[in-house]
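**Q** Below is the file upload.tsv, with TSV, C-alpha atoms.
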chain	number	residue	atom	x	y	z
K	1	MET	CA	-4.59	43.49	-61.40
K	2	THR	CA	-5.83	44.45	-64.87
K	3	ILE	CA	-6.81	48.00	-65.85
K	4	GLU	CA	-10.46	46.90	-65.87
K	5	GLU	CA	-10.22	45.46	-62.35
K	6	ASP	CA	-8.57	48.65	-61.09
K	7	ALA	CA	-11.32	50.71	-62.72
K	8	ALA	CA	-14.04	48.55	-61.13
K	9	ARG	CA	-12.39	48.95	-57.72
K	10	ILE	CA	-12.18	52.75	-58.08
K	11	ALA	CA	-15.77	52.99	-59.37
K	12	ALA	CA	-16.99	50.91	-56.42
K	13	GLN	CA	-15.60	53.54	-54.03
K	14	GLY	CA	-18.39	55.85	-55.21
K	15	GLU	CA	-18.36	59.60	-54.67
K	16	SER	CA	-15.23	61.26	-53.32
K	17	ALA	CA	-15.57	63.36	-50.16
K	18	PRO	CA	-16.90	66.89	-50.86
K	19	ARG	CA	-14.12	69.33	-51.72
K	20	LEU	CA	-14.89	72.95	-50.87
K	21	ALA	CA	-14.10	75.62	-53.48
K	22	ARG	CA	-11.14	77.85	-52.59
K	23	ASP	CA	-13.39	80.92	-52.70
K	24	PRO	CA	-17.10	81.54	-52.35
K	25	VAL	CA	-18.90	82.82	-55.46
K	26	ASN	CA	-17.46	86.31	-55.82
K	27	PRO	CA	-17.52	89.30	-58.19
K	28	ALA	CA	-13.76	89.34	-58.86
K	29	MET	CA	-13.67	85.87	-60.38
K	30	ILE	CA	-16.95	86.49	-62.21
K	31	ASN	CA	-15.61	89.72	-63.72
K	32	ASN	CA	-12.36	88.02	-64.78
K	33	TRP	CA	-14.40	85.33	-66.50
K	34	LEU	CA	-16.75	87.81	-68.21
K	35	GLU	CA	-13.77	89.85	-69.47
K	36	ALA	CA	-11.84	86.84	-70.75
K	37	LEU	CA	-14.86	85.32	-72.48
K	38	GLY	CA	-16.08	88.67	-73.83
K	39	ASP	CA	-19.49	88.14	-72.23
K	40	GLU	CA	-21.34	91.45	-71.91
K	41	ASN	CA	-24.58	90.09	-70.41
K	42	PRO	CA	-25.43	92.75	-67.75
K	43	ARG	CA	-27.43	90.38	-65.55
K	44	TYR	CA	-24.51	88.97	-63.58
K	45	VAL	CA	-23.32	92.32	-62.26
K	46	ALA	CA	-26.84	93.72	-61.83
K	47	GLU	CA	-28.12	90.76	-59.79
K	48	GLY	CA	-24.89	89.60	-58.11
K	49	VAL	CA	-25.03	86.16	-59.72
K	50	ALA	CA	-22.55	83.95	-61.58
K	51	PRO	CA	-22.88	82.65	-65.15
K	52	PRO	CA	-24.03	79.01	-64.87
K	53	ALA	CA	-21.10	77.89	-67.05
K	54	MET	CA	-18.76	78.92	-64.21
K	55	ALA	CA	-19.98	76.01	-62.04
K	56	GLN	CA	-16.82	73.99	-62.65
K	57	VAL	CA	-14.56	77.04	-62.26
K	58	TRP	CA	-15.36	77.43	-58.53
K	59	THR	CA	-13.91	74.05	-57.61
K	60	MET	CA	-10.93	73.94	-59.98
K	61	GLY	CA	-7.81	72.99	-58.06
K	62	GLY	CA	-5.70	76.01	-58.95
K	63	LEU	CA	-2.02	76.41	-59.70
K	64	ASN	CA	-0.48	74.18	-57.05
K	65	TRP	CA	-3.24	71.64	-56.68
K	66	GLN	CA	-2.48	68.03	-55.72
K	67	ARG	CA	-5.27	65.54	-56.28
K	68	THR	CA	-6.66	64.12	-53.05
K	69	ALA	CA	-6.12	60.44	-52.28
K	70	ASP	CA	-9.80	59.60	-52.82
K	71	ASP	CA	-10.09	61.49	-56.12
K	72	PRO	CA	-11.31	58.82	-58.56
K	73	LEU	CA	-10.11	60.60	-61.71
K	74	GLY	CA	-6.63	60.93	-60.20
K	75	ALA	CA	-6.65	57.25	-59.25
K	76	ILE	CA	-7.59	55.99	-62.71
K	77	ILE	CA	-5.15	58.41	-64.37
K	78	THR	CA	-2.37	56.88	-62.26
K	79	VAL	CA	-3.41	53.37	-63.30
K	80	LEU	CA	-3.45	54.32	-66.99
K	81	ASP	CA	-0.18	56.31	-66.76
K	82	GLU	CA	1.51	53.20	-65.35
K	83	ALA	CA	0.10	51.13	-68.23
K	84	GLY	CA	1.68	53.54	-70.74
K	85	TYR	CA	-1.41	55.61	-71.58
K	86	THR	CA	0.37	58.79	-70.57
K	87	SER	CA	-1.38	61.51	-72.59
K	88	ILE	CA	-4.80	62.98	-71.86
K	89	VAL	CA	-7.38	64.97	-73.79
K	90	ALA	CA	-10.91	65.97	-72.77
K	91	THR	CA	-13.59	64.77	-75.21
K	92	ASN	CA	-17.02	65.40	-73.62
K	93	SER	CA	-18.51	67.74	-71.06
K	94	GLU	CA	-22.23	67.61	-70.27
K	95	GLN	CA	-23.22	70.10	-67.58
K	96	ASN	CA	-26.66	70.70	-66.04
K	97	TYR	CA	-27.39	73.79	-63.96
K	98	ARG	CA	-30.25	73.86	-61.42
K	99	ARG	CA	-30.21	77.54	-60.51
K	100	LEU	CA	-28.09	80.70	-60.53
K	101	LEU	CA	-25.46	80.99	-57.80
K	102	HIS	CA	-25.26	84.22	-55.80
K	103	HIS	CA	-22.25	86.05	-54.39
K	104	SER	CA	-20.90	84.47	-51.17
K	105	GLU	CA	-22.49	81.04	-51.74
K	106	HIS	CA	-19.79	78.42	-51.13
K	107	VAL	CA	-19.79	75.49	-53.54
K	108	ALA	CA	-18.34	72.01	-52.88
K	109	SER	CA	-17.93	69.18	-55.39
K	110	THR	CA	-17.74	65.40	-55.38
K	111	THR	CA	-16.57	63.14	-58.19
K	112	LYS	CA	-17.30	59.52	-59.05
K	113	LEU	CA	-15.77	57.23	-61.67
K	114	GLU	CA	-18.55	55.91	-63.91
K	115	GLY	CA	-16.37	53.61	-65.94
K	116	ILE	CA	-13.76	53.15	-68.64
K	117	VAL	CA	-13.99	51.89	-72.21
K	118	GLY	CA	-11.02	50.59	-74.14
K	119	PRO	CA	-8.50	50.04	-75.44
K	120	LYS	CA	-9.75	51.88	-78.53
K	121	ARG	CA	-7.82	52.92	-81.58
K	122	THR	CA	-8.19	56.67	-82.09
K	123	ALA	CA	-6.64	59.30	-84.36
K	124	LEU	CA	-4.39	60.30	-81.46
K	125	GLY	CA	-3.31	56.76	-80.58
K	126	GLU	CA	-4.58	53.77	-78.64
K	127	GLY	CA	-6.39	54.72	-75.47
K	128	TYR	CA	-9.14	54.40	-72.88
K	129	PHE	CA	-12.17	56.68	-72.54
K	130	VAL	CA	-12.67	57.54	-68.88
K	131	THR	CA	-16.08	58.83	-67.74
K	132	THR	CA	-16.62	60.59	-64.43
K	133	THR	CA	-19.56	62.44	-62.93
K	134	THR	CA	-19.16	65.51	-60.75
K	135	THR	CA	-21.86	67.02	-58.55
K	136	TRP	CA	-21.77	70.54	-57.12
K	137	TYR	CA	-23.47	71.28	-53.83
K	138	VAL	CA	-24.28	74.31	-51.70
K	139	GLY	CA	-24.74	72.69	-48.33
K	140	ASP	CA	-26.88	69.63	-49.11
K	141	GLU	CA	-28.49	71.16	-52.18
K	142	VAL	CA	-27.34	69.95	-55.60
K	143	VAL	CA	-26.81	73.06	-57.75
K	144	ALA	CA	-25.11	71.57	-60.84
K	145	ASP	CA	-23.76	68.30	-62.20
K	146	MET	CA	-21.50	67.16	-65.00
K	147	LEU	CA	-20.62	64.11	-66.99
K	148	PHE	CA	-16.98	64.45	-68.06
K	149	ARG	CA	-15.06	62.18	-70.42
K	150	VAL	CA	-11.37	62.14	-71.20
K	151	LEU	CA	-9.26	59.99	-73.50
K	152	LYS	CA	-6.09	58.63	-71.90
K	153	PHE	CA	-3.86	57.51	-74.75
K	154	LYS	CA	-0.42	56.37	-75.85
K	155	PRO	CA	0.79	59.14	-78.15
K	156	LYS	CA	1.73	58.00	-81.65
K	157	PRO	CA	5.39	58.41	-82.49
K	158	THR	CA	6.03	61.67	-84.35
K	159	GLN	CA	6.42	61.56	-88.13
K	160	SER	CA	10.19	61.78	-87.96
K	161	GLY	CA	12.81	61.71	-85.28
K	162	VAL	CA	14.30	65.15	-85.83
K	163	LEU	CA	13.80	68.16	-83.57
K	164	ARG	CA	11.21	70.40	-85.17
K	165	PRO	CA	11.44	74.19	-85.27
K	166	VAL	CA	8.81	76.39	-83.67
K	167	VAL	CA	7.09	78.13	-86.59
K	168	SER	CA	5.61	81.51	-85.68
K	169	LYS	CA	3.90	84.29	-87.61
K	170	ASP	CA	7.33	85.94	-87.89
K	171	THR	CA	9.11	82.87	-89.29
K	172	GLU	CA	6.34	81.22	-91.30
K	173	PHE	CA	7.53	82.77	-94.61
K	174	PHE	CA	10.97	81.22	-94.06
K	175	TRP	CA	9.64	77.68	-93.56
K	176	GLU	CA	7.17	78.06	-96.43
K	177	GLY	CA	10.17	79.09	-98.56
K	178	MET	CA	12.04	75.98	-97.48
K	179	LYS	CA	9.15	73.82	-98.71
K	180	ALA	CA	9.18	75.73	-102.02
K	181	GLY	CA	12.97	75.34	-102.43
K	182	GLU	CA	13.68	79.02	-101.69
K	183	LEU	CA	16.01	80.45	-99.07
K	184	ARG	CA	14.14	83.57	-97.93
K	185	ILE	CA	15.51	86.50	-95.93
K	186	GLN	CA	13.27	88.93	-94.06
K	187	ARG	CA	13.47	92.52	-95.38
K	188	TRP	CA	12.45	95.75	-93.64
K	189	GLY	CA	12.64	98.45	-96.29
K	190	ASP	CA	16.26	98.23	-97.50
K	191	GLU	CA	17.48	96.26	-94.52
K	192	LEU	CA	17.75	92.46	-94.35
K	193	ARG	CA	17.32	90.69	-91.04
K	194	HIS	CA	18.04	87.10	-90.02
K	195	PRO	CA	16.84	85.41	-87.91
K	196	PRO	CA	13.54	87.09	-88.75
K	197	GLY	CA	11.91	89.09	-85.99
K	198	PRO	CA	8.67	90.90	-85.23
K	199	MET	CA	10.05	94.40	-85.91
K	200	PRO	CA	12.89	96.11	-87.81
K	201	PRO	CA	16.22	96.81	-86.06
K	202	ASP	CA	15.20	100.46	-85.55
K	203	GLY	CA	12.12	99.37	-83.59
K	204	ASP	CA	9.50	101.00	-85.85
K	205	LEU	CA	6.27	99.28	-84.69
K	206	ASP	CA	4.34	100.36	-87.80
K	207	ALA	CA	6.76	98.78	-90.29
K	208	LYS	CA	5.76	95.65	-92.20
K	209	PRO	CA	8.35	93.20	-93.53
K	210	ASP	CA	8.59	91.36	-96.81
K	211	TRP	CA	11.32	89.00	-97.94
K	212	VAL	CA	13.83	88.37	-100.68
K	213	VAL	CA	15.03	85.06	-102.08
K	214	ALA	CA	18.71	84.59	-101.35
K	215	SER	CA	21.19	83.38	-103.94
K	216	GLY	CA	21.93	80.54	-101.55
K	217	ARG	CA	25.67	81.08	-101.69
K	218	GLY	CA	27.92	82.13	-98.86
K	219	THR	CA	31.05	81.37	-96.87
K	220	VAL	CA	31.61	79.69	-93.53
K	221	TYR	CA	31.88	82.42	-90.87
K	222	SER	CA	32.22	79.98	-87.95
K	223	TYR	CA	31.44	76.34	-87.17
K	224	VAL	CA	31.33	73.62	-84.55
K	225	VAL	CA	31.82	69.88	-84.90
K	226	HIS	CA	29.18	68.33	-82.63
K	227	HIS	CA	30.35	65.09	-80.98
K	228	ARG	CA	27.95	64.80	-78.05
K	229	PRO	CA	25.36	64.75	-76.58
K	230	ALA	CA	23.20	62.73	-78.98
K	231	VAL	CA	20.66	64.70	-81.02
K	232	PRO	CA	17.43	63.00	-82.17
K	233	GLY	CA	17.59	61.94	-85.82
K	234	LYS	CA	21.31	62.81	-86.19
K	235	LYS	CA	24.37	60.59	-86.56
K	236	LEU	CA	27.35	61.83	-84.57
K	237	PRO	CA	29.54	63.72	-85.24
K	238	PHE	CA	28.07	66.41	-87.47
K	239	VAL	CA	29.05	69.94	-88.43
K	240	ILE	CA	26.97	73.05	-87.81
K	241	ALA	CA	28.14	76.19	-89.59
K	242	LEU	CA	27.25	79.85	-89.31
K	243	VAL	CA	27.32	80.92	-92.95
K	244	GLU	CA	27.66	84.50	-94.11
K	245	LEU	CA	25.42	84.75	-97.15
K	246	ALA	CA	26.30	86.82	-100.22
K	247	GLU	CA	23.43	89.12	-99.15
K	248	GLY	CA	25.20	89.89	-95.86
K	249	VAL	CA	23.16	88.10	-93.19
K	250	ARG	CA	24.41	85.03	-91.32
K	251	MET	CA	22.47	81.78	-91.09
K	252	LEU	CA	22.95	78.49	-89.22
K	253	GLY	CA	22.70	75.02	-90.69
K	254	GLU	CA	24.29	71.62	-90.88
K	255	VAL	CA	27.10	71.14	-93.40
K	256	LEU	CA	26.30	67.93	-95.28
K	257	ASP	CA	28.70	65.21	-96.43
K	258	VAL	CA	31.74	67.12	-95.29
K	259	ALA	CA	35.23	65.71	-94.89
K	260	SER	CA	36.78	68.90	-93.59
K	261	VAL	CA	35.55	72.40	-92.99
K	262	HIS	CA	37.30	75.72	-92.51
K	263	ILE	CA	36.43	79.36	-92.02
K	264	GLY	CA	35.98	81.13	-95.34
K	265	GLN	CA	35.00	77.94	-97.16
K	266	PRO	CA	32.42	78.61	-99.92
K	267	VAL	CA	29.13	76.76	-99.46
K	268	GLU	CA	25.69	76.74	-101.04
K	269	VAL	CA	22.31	76.00	-99.58
K	270	ALA	CA	20.71	72.52	-99.66
K	271	PHE	CA	17.08	71.73	-98.85
K	272	VAL	CA	16.64	68.69	-96.60
K	273	LYS	CA	13.05	67.50	-96.82
K	274	VAL	CA	12.07	65.82	-93.55
K	275	ASP	CA	8.40	65.27	-94.40
K	276	ASP	CA	5.55	67.14	-96.12
K	277	GLU	CA	5.43	69.69	-93.32
K	278	LEU	CA	9.11	70.38	-92.80
K	279	THR	CA	12.16	71.12	-94.95
K	280	LEU	CA	15.37	72.18	-93.17
K	281	PRO	CA	18.12	74.39	-94.59
K	282	ALA	CA	21.63	72.92	-94.78
K	283	TRP	CA	24.90	73.66	-96.53
K	284	ARG	CA	27.08	71.88	-99.07
K	285	VAL	CA	30.69	72.73	-99.72
K	286	ILE	CA	31.22	74.07	-103.25
K	287	ALA	CA	34.01	72.07	-104.82
N	288	MET	CA	-39.06	79.01	-83.66
N	289	ILE	CA	-37.71	75.58	-84.60
N	290	GLY	CA	-35.21	76.06	-87.40
N	291	THR	CA	-34.28	79.60	-86.29
N	292	ALA	CA	-30.57	80.23	-86.86
N	293	LEU	CA	-28.62	82.13	-84.21
N	294	PRO	CA	-26.38	85.00	-85.38
N	295	PRO	CA	-22.90	83.48	-85.79
N	296	LEU	CA	-20.19	84.50	-83.33
N	297	THR	CA	-16.62	84.82	-84.63
N	298	VAL	CA	-13.85	84.69	-82.04
N	299	GLU	CA	-10.19	85.34	-82.88
N	300	ILE	CA	-8.33	82.77	-80.83
N	301	THR	CA	-5.25	84.85	-80.04
N	302	PRO	CA	-2.68	83.54	-77.55
N	303	THR	CA	-3.95	86.25	-75.19
N	304	PHE	CA	-7.48	84.88	-75.49
N	305	VAL	CA	-6.39	81.26	-74.88
N	306	ILE	CA	-4.30	82.21	-71.86
N	307	SER	CA	-6.62	84.74	-70.22
N	308	ALA	CA	-9.62	82.41	-70.59
N	309	ALA	CA	-7.65	79.43	-69.24
N	310	ILE	CA	-6.59	81.45	-66.18
N	311	ALA	CA	-10.09	82.95	-65.73
N	312	THR	CA	-11.43	79.38	-65.63
N	313	ARG	CA	-8.63	78.43	-63.18
N	314	ASP	CA	-7.16	75.87	-65.57
N	315	PHE	CA	-3.38	76.00	-65.13
N	316	GLN	CA	-2.45	73.04	-67.35
N	317	ASP	CA	0.74	74.12	-69.15
N	318	VAL	CA	-0.65	73.26	-72.62
N	319	HIS	CA	-3.02	76.22	-72.25
N	320	HIS	CA	-0.34	78.88	-71.57
N	321	ASP	CA	3.17	77.55	-72.34
N	322	ARG	CA	3.94	77.06	-76.02
N	323	ASP	CA	7.19	75.15	-75.50
N	324	ALA	CA	5.45	72.73	-73.14
N	325	ALA	CA	2.53	72.28	-75.54
N	326	ILE	CA	4.93	71.46	-78.40
N	327	ALA	CA	6.93	69.07	-76.23
N	328	ARG	CA	3.65	67.22	-75.55
N	329	GLY	CA	2.98	66.83	-79.26
N	330	SER	CA	0.70	69.83	-79.94
N	331	LYS	CA	1.53	72.46	-82.52
N	332	ASP	CA	0.76	75.34	-80.15
N	333	ILE	CA	-1.16	76.19	-76.97
N	334	PHE	CA	-4.83	75.34	-77.30
N	335	MET	CA	-8.17	76.27	-75.75
N	336	ASN	CA	-9.30	74.46	-72.60
N	337	ILE	CA	-12.68	72.78	-72.32
N	338	LEU	CA	-14.01	75.15	-69.64
N	339	THR	CA	-13.51	77.97	-72.13
N	340	ASP	CA	-15.38	75.99	-74.78
N	341	THR	CA	-18.30	75.66	-72.37
N	342	GLY	CA	-18.06	79.35	-71.50
N	343	LEU	CA	-18.00	80.46	-75.15
N	344	VAL	CA	-21.01	78.28	-75.97
N	345	HIS	CA	-22.83	79.78	-72.97
N	346	ARG	CA	-22.03	83.33	-74.10
N	347	PHE	CA	-22.98	82.54	-77.71
N	348	VAL	CA	-26.46	81.38	-76.68
N	349	THR	CA	-27.18	84.11	-74.10
N	350	ASP	CA	-25.96	86.83	-76.52
N	351	TRP	CA	-28.89	85.74	-78.67
N	352	ALA	CA	-31.40	84.65	-76.01
N	353	GLY	CA	-31.06	87.81	-73.90
N	354	PRO	CA	-30.22	88.45	-70.25
N	355	ARG	CA	-33.42	86.88	-68.85
N	356	ALA	CA	-32.73	83.45	-70.32
N	357	PHE	CA	-31.35	80.78	-67.97
N	358	VAL	CA	-29.03	78.16	-69.43
N	359	ARG	CA	-30.08	74.77	-68.01
N	360	SER	CA	-27.54	72.54	-69.70
N	361	ILE	CA	-24.51	72.64	-72.00
N	362	LYS	CA	-23.48	69.34	-73.58
N	363	ILE	CA	-20.42	69.49	-75.81
N	364	LYS	CA	-18.23	67.02	-77.63
N	365	LEU	CA	-14.77	68.09	-78.72
N	366	GLY	CA	-13.45	67.39	-82.22
N	367	VAL	CA	-10.23	68.84	-83.62
N	368	PRO	CA	-8.17	71.05	-81.30
N	369	CYS	CA	-8.48	74.84	-81.37
N	370	TYR	CA	-4.93	76.23	-81.35
N	371	ALA	CA	-3.78	79.80	-80.84
N	372	TYR	CA	-4.13	81.88	-84.05
N	373	ASP	CA	-7.24	79.98	-85.10
N	374	THR	CA	-10.52	81.74	-85.87
N	375	LEU	CA	-13.49	80.01	-84.26
N	376	VAL	CA	-16.96	80.56	-85.70
N	377	LEU	CA	-19.90	79.45	-83.55
N	378	SER	CA	-23.18	78.74	-85.26
N	379	GLY	CA	-26.45	77.43	-83.86
N	380	GLU	CA	-30.01	76.48	-84.67
N	381	VAL	CA	-33.12	75.95	-82.54
N	382	VAL	CA	-33.98	72.26	-82.75
N	383	GLU	CA	-36.62	71.92	-79.99
N	384	HIS	CA	-39.13	74.28	-78.40
N	385	ASP	CA	-41.30	73.15	-75.50
N	386	GLY	CA	-43.06	75.78	-73.39
N	387	ASP	CA	-40.44	78.22	-72.13
N	388	GLU	CA	-37.57	75.87	-72.96
N	389	MET	CA	-35.55	75.68	-76.16
N	390	THR	CA	-32.80	73.36	-77.26
N	391	ILE	CA	-30.17	74.78	-79.57
N	392	ARG	CA	-27.74	72.72	-81.60
N	393	VAL	CA	-24.36	74.42	-81.60
N	394	SER	CA	-21.25	73.96	-83.73
N	395	GLY	CA	-17.87	75.68	-83.41
N	396	LYS	CA	-15.62	75.45	-86.44
N	397	GLY	CA	-12.00	76.54	-86.77
N	398	ASN	CA	-9.37	76.25	-89.49
N	399	LEU	CA	-8.89	72.52	-88.82
N	400	GLY	CA	-12.61	71.66	-88.87
N	401	GLU	CA	-15.28	71.16	-86.22
N	402	HIS	CA	-13.90	71.85	-82.75
N	403	ILE	CA	-17.16	71.85	-80.75
N	404	ALA	CA	-20.42	70.02	-81.42
N	405	GLY	CA	-23.19	70.11	-78.86
N	406	THR	CA	-26.55	71.18	-77.56
N	407	VAL	CA	-27.64	73.87	-75.12
N	408	THR	CA	-30.96	73.88	-73.28
N	409	VAL	CA	-32.16	77.29	-72.23
N	410	GLY	CA	-35.17	78.23	-70.11
N	411	GLY	CA	-37.02	81.49	-69.66
N	412	MET	CA	-37.82	81.64	-73.39
N	413	SER	CA	-41.50	82.54	-73.51
Just dump the structure as structure tokens.
**A**
Amino acid sequence: MTIEEDAARIAAQGESAPRLARDPVNPAMINNWLEALGDENPRYVAEGVAPPAMAQVWTMGGLNWQRTADDPLGAIITVLDEAGYTSIVATNSEQNYRRLLHHSEHVASTTKLEGIVGPKRTALGEGYFVTTTTTWYVGDEVVADMLFRVLKFKPKPTQSGVLRPVVSKDTEFFWEGMKAGELRIQRWGDELRHPPGPMPPDGDLDAKPDWVVASGRGTVYSYVVHHRPAVPGKKLPFVIALVELAEGVRMLGEVLDVASVHIGQPVEVAFVKVDDELTLPAWRVIA
Amino acid sequence: MIGTALPPLTVEITPTFVISAAIATRDFQDVHHDRDAAIARGSKDIFMNILTDTGLVHRFVTDWAGPRAFVRSIKIKLGVPCYAYDTLVLSGEVVEHDGDEMTIRVSGKGNLGEHIAGTVTVGGMS
């Protein structure tokens, strides 16, 4: 069966059975929502009503939710997952609200697959746009509805095969330095710190760091020769050394083009450009 | 009233904001609260969920329209993602006015470009 035939079969099943919200409309969930969104409209508390934009919140599945067998979005996601379109991103949400919902009203929802369009080439990768409609009821009364569209896509391969570091506010200066050909060390007053952290070693929460540019020279403090397991983008075996820099801090990195390595060996920094976004520090033995 | 610009709303998209809004909208997808999981799935950080986008657009319009206004519809299209540490600026303009109903065109822009584009229809606007 093709993807299109599966989609037609799922669409022909029509609306799923109504699924009752875990909780009736209630002040606790409304207050959590108002706090998180920063919404200070006094009407909701004063009148005991929910913001219309919470319609979808009432029937969200929650932390341990399993899609029901007749859920059409779940069914088409499975079909597309099996065809290799494994990633998902929401692209459109069009909600209509008929009236305000009051505390203790209990909402139920049904969902229907409207159709799929694809395969389309997108910035994220090749994929299918999946359109569903959801209707919210209180008893037999329709209180809100939604057209919802997601893109199910095959993610493009990443720019390079190497493992990429997590760059945070605390480490951004280091990676920017790498791109600029500078080995930077975080400094808190007179004290250097590596790896960089969010506060100085004495825990002063008001302190602000800057950084110094290292000479780039140091000696091998310790090392491992990595034989297995395989590491993306690396040819086995390779050497990772903990280098004690002239400035006193210790820093990890691969030792490049090395025939033998020993503790105390002098090394200097090398900048390995992976792509425009990422340059990694490494070491070369000084002859 | 057509052509009236709404006062812009600037929202600092801190990790706390992304996570608390995702949980308040009962969206427990890991990409909205777990940075390692988000990166493993090809994102650069956790990012805002679509129910929060809808909620922010709702708040943006009612902050301006006042507590008596009733939002009848919110239609949004998502552009670039809105990651933690972004600053999102919502702007809007009245594009239709018919009786007590107004339609407002809304745009939400972050550091990467336009994250939200859409329209909101609001009633109770005499």
**Q** From the options K:Pro198, K:Val231, K:Pro266, K:Gly203, which residue's atoms come nearest to Gly218 of chain K, counting all atoms listed in the file?
**A**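 Result for the nearest residue to Gly218 of chain K: K:Pro266.
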**Q** Could you name the residues that touch Trp351 of chain N at 8 Å or less, counting all atoms listed in the file, but leaving out those on the same chain fewer than 4 positions away, as a JSON list (two decimals) with C-alpha atoms, keeping the file's coordinate frame?
**A**
[["chain", "number", "residue", "atom", "x", "y", "z"],
["N", 293, "LEU", "CA", -28.62, 82.13, -84.21],
["N", 294, "PRO", "CA", -26.38, 85.00, -85.38],
["N", 347, "PHE", "CA", -22.98, 82.54, -77.71]]
**Q** Quick check: residues of chain N within 8 Å of chain K, all atoms listed in the file, returned as an MDAnalysis selection string.
**A** chainID N and resid 304 307:308 311:315 329 337:339 341:343 345:346 349:350 353:355 358:366
**Q** Applying 10 Å and only C-alpha atoms, which residues near Asp387 of chain N remain after dropping the ones on its own chain fewer than 4 positions away? List them as a short mmCIF file (atom, residue, chain, number, x, y, z; two decimals) with C-alpha atoms, keeping the file's coordinate frame.
**A**
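Just written: result.cif:
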data_model
loop_
_atom_site.label_atom_id
_atom_site.label_comp_id
_atom_site.auth_asym_id
_atom_site.auth_seq_id
_atom_site.Cartn_x
_atom_site.Cartn_y
_atom_site.Cartn_z
CA ALA N 356 -32.73 83.45 -70.32
CA VAL N 409 -32.16 77.29 -72.23
CA GLY N 410 -35.17 78.23 -70.11
CA GLY N 411 -37.02 81.49 -69.66
CA MET N 412 -37.82 81.64 -73.39
CA SER N 413 -41.50 82.54 -73.51
#
**Q** Mind pulling up the distance from atom CA of Glu277 of chain K to atom CA of Ile326 of chain N?
**A**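 Spanning atom CA of Ile326 of chain N to atom CA of Glu277 of chain K is a straight-line distance of 15.0 Å.
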**Q** Pick out the closest residue to Ile403 of chain N from this set: N:Pro302, N:Gly379, N:Gly386, N:Gly290. Count all atoms listed in the file.
**A**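 Distance minimum relative to Ile403 of chain N lands on N:Gly379.
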**Q** Which residue gives the smallest distance to Asp23 of chain K among K:Val150, K:Ala108, K:Ala287, K:Leu113, with only C-alpha atoms counted?
**A**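 That would be K:Ala108, the residue with the smallest distance to Asp23 of chain K.
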**Q** Taking into account only C-alpha atoms, which residue in the set K:Ser260, K:Ser109, K:Thr219, K:Ser16 is nearest to Ala75 of chain K?
**A**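 Of the candidates, the smallest distance to Ala75 of chain K is held by K:Ser16.
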**Q** So how far away is atom CA of Pro200 of chain K from atom CA of Lys179 of chain K, in Å?
**A**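 Interatomic distance here is 25.1 Å.
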**Q** What does the distance between atom CA of Ile333 of chain N and atom CA of Gln186 of chain K come to in Å, to one decimal place?
**A**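 Separating atom CA of Ile333 of chain N from atom CA of Gln186 of chain K is a distance of 25.7 Å.
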**Q** Excluding Phe238 of chain K and any residue of its chain fewer than 5 positions from it, enumerate the residues within 10 Å of it, using only C-alpha atoms, and give them as JSON, numbers by chain.
**A** {"K": [224, 225, 226, 227, 228, 231, 254, 255, 256, 257, 258]}
**Q** Residues near Gly118 of chain K, anyone? I mean within 7 Å using only C-alpha atoms, not counting same-chain ones fewer than 4 positions away, as JSON, numbers by chain.
**A** {"K": [127, 128, 129]}
**Q** Which residue is closest to Thr408 of chain N? Choose from N:Thr291, N:Thr297, N:Thr390, N:Gln316 and count all atoms listed in the file.
**A**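 When distances to Thr408 of chain N are compared using all atoms listed in the file, the smallest one comes from N:Thr390.
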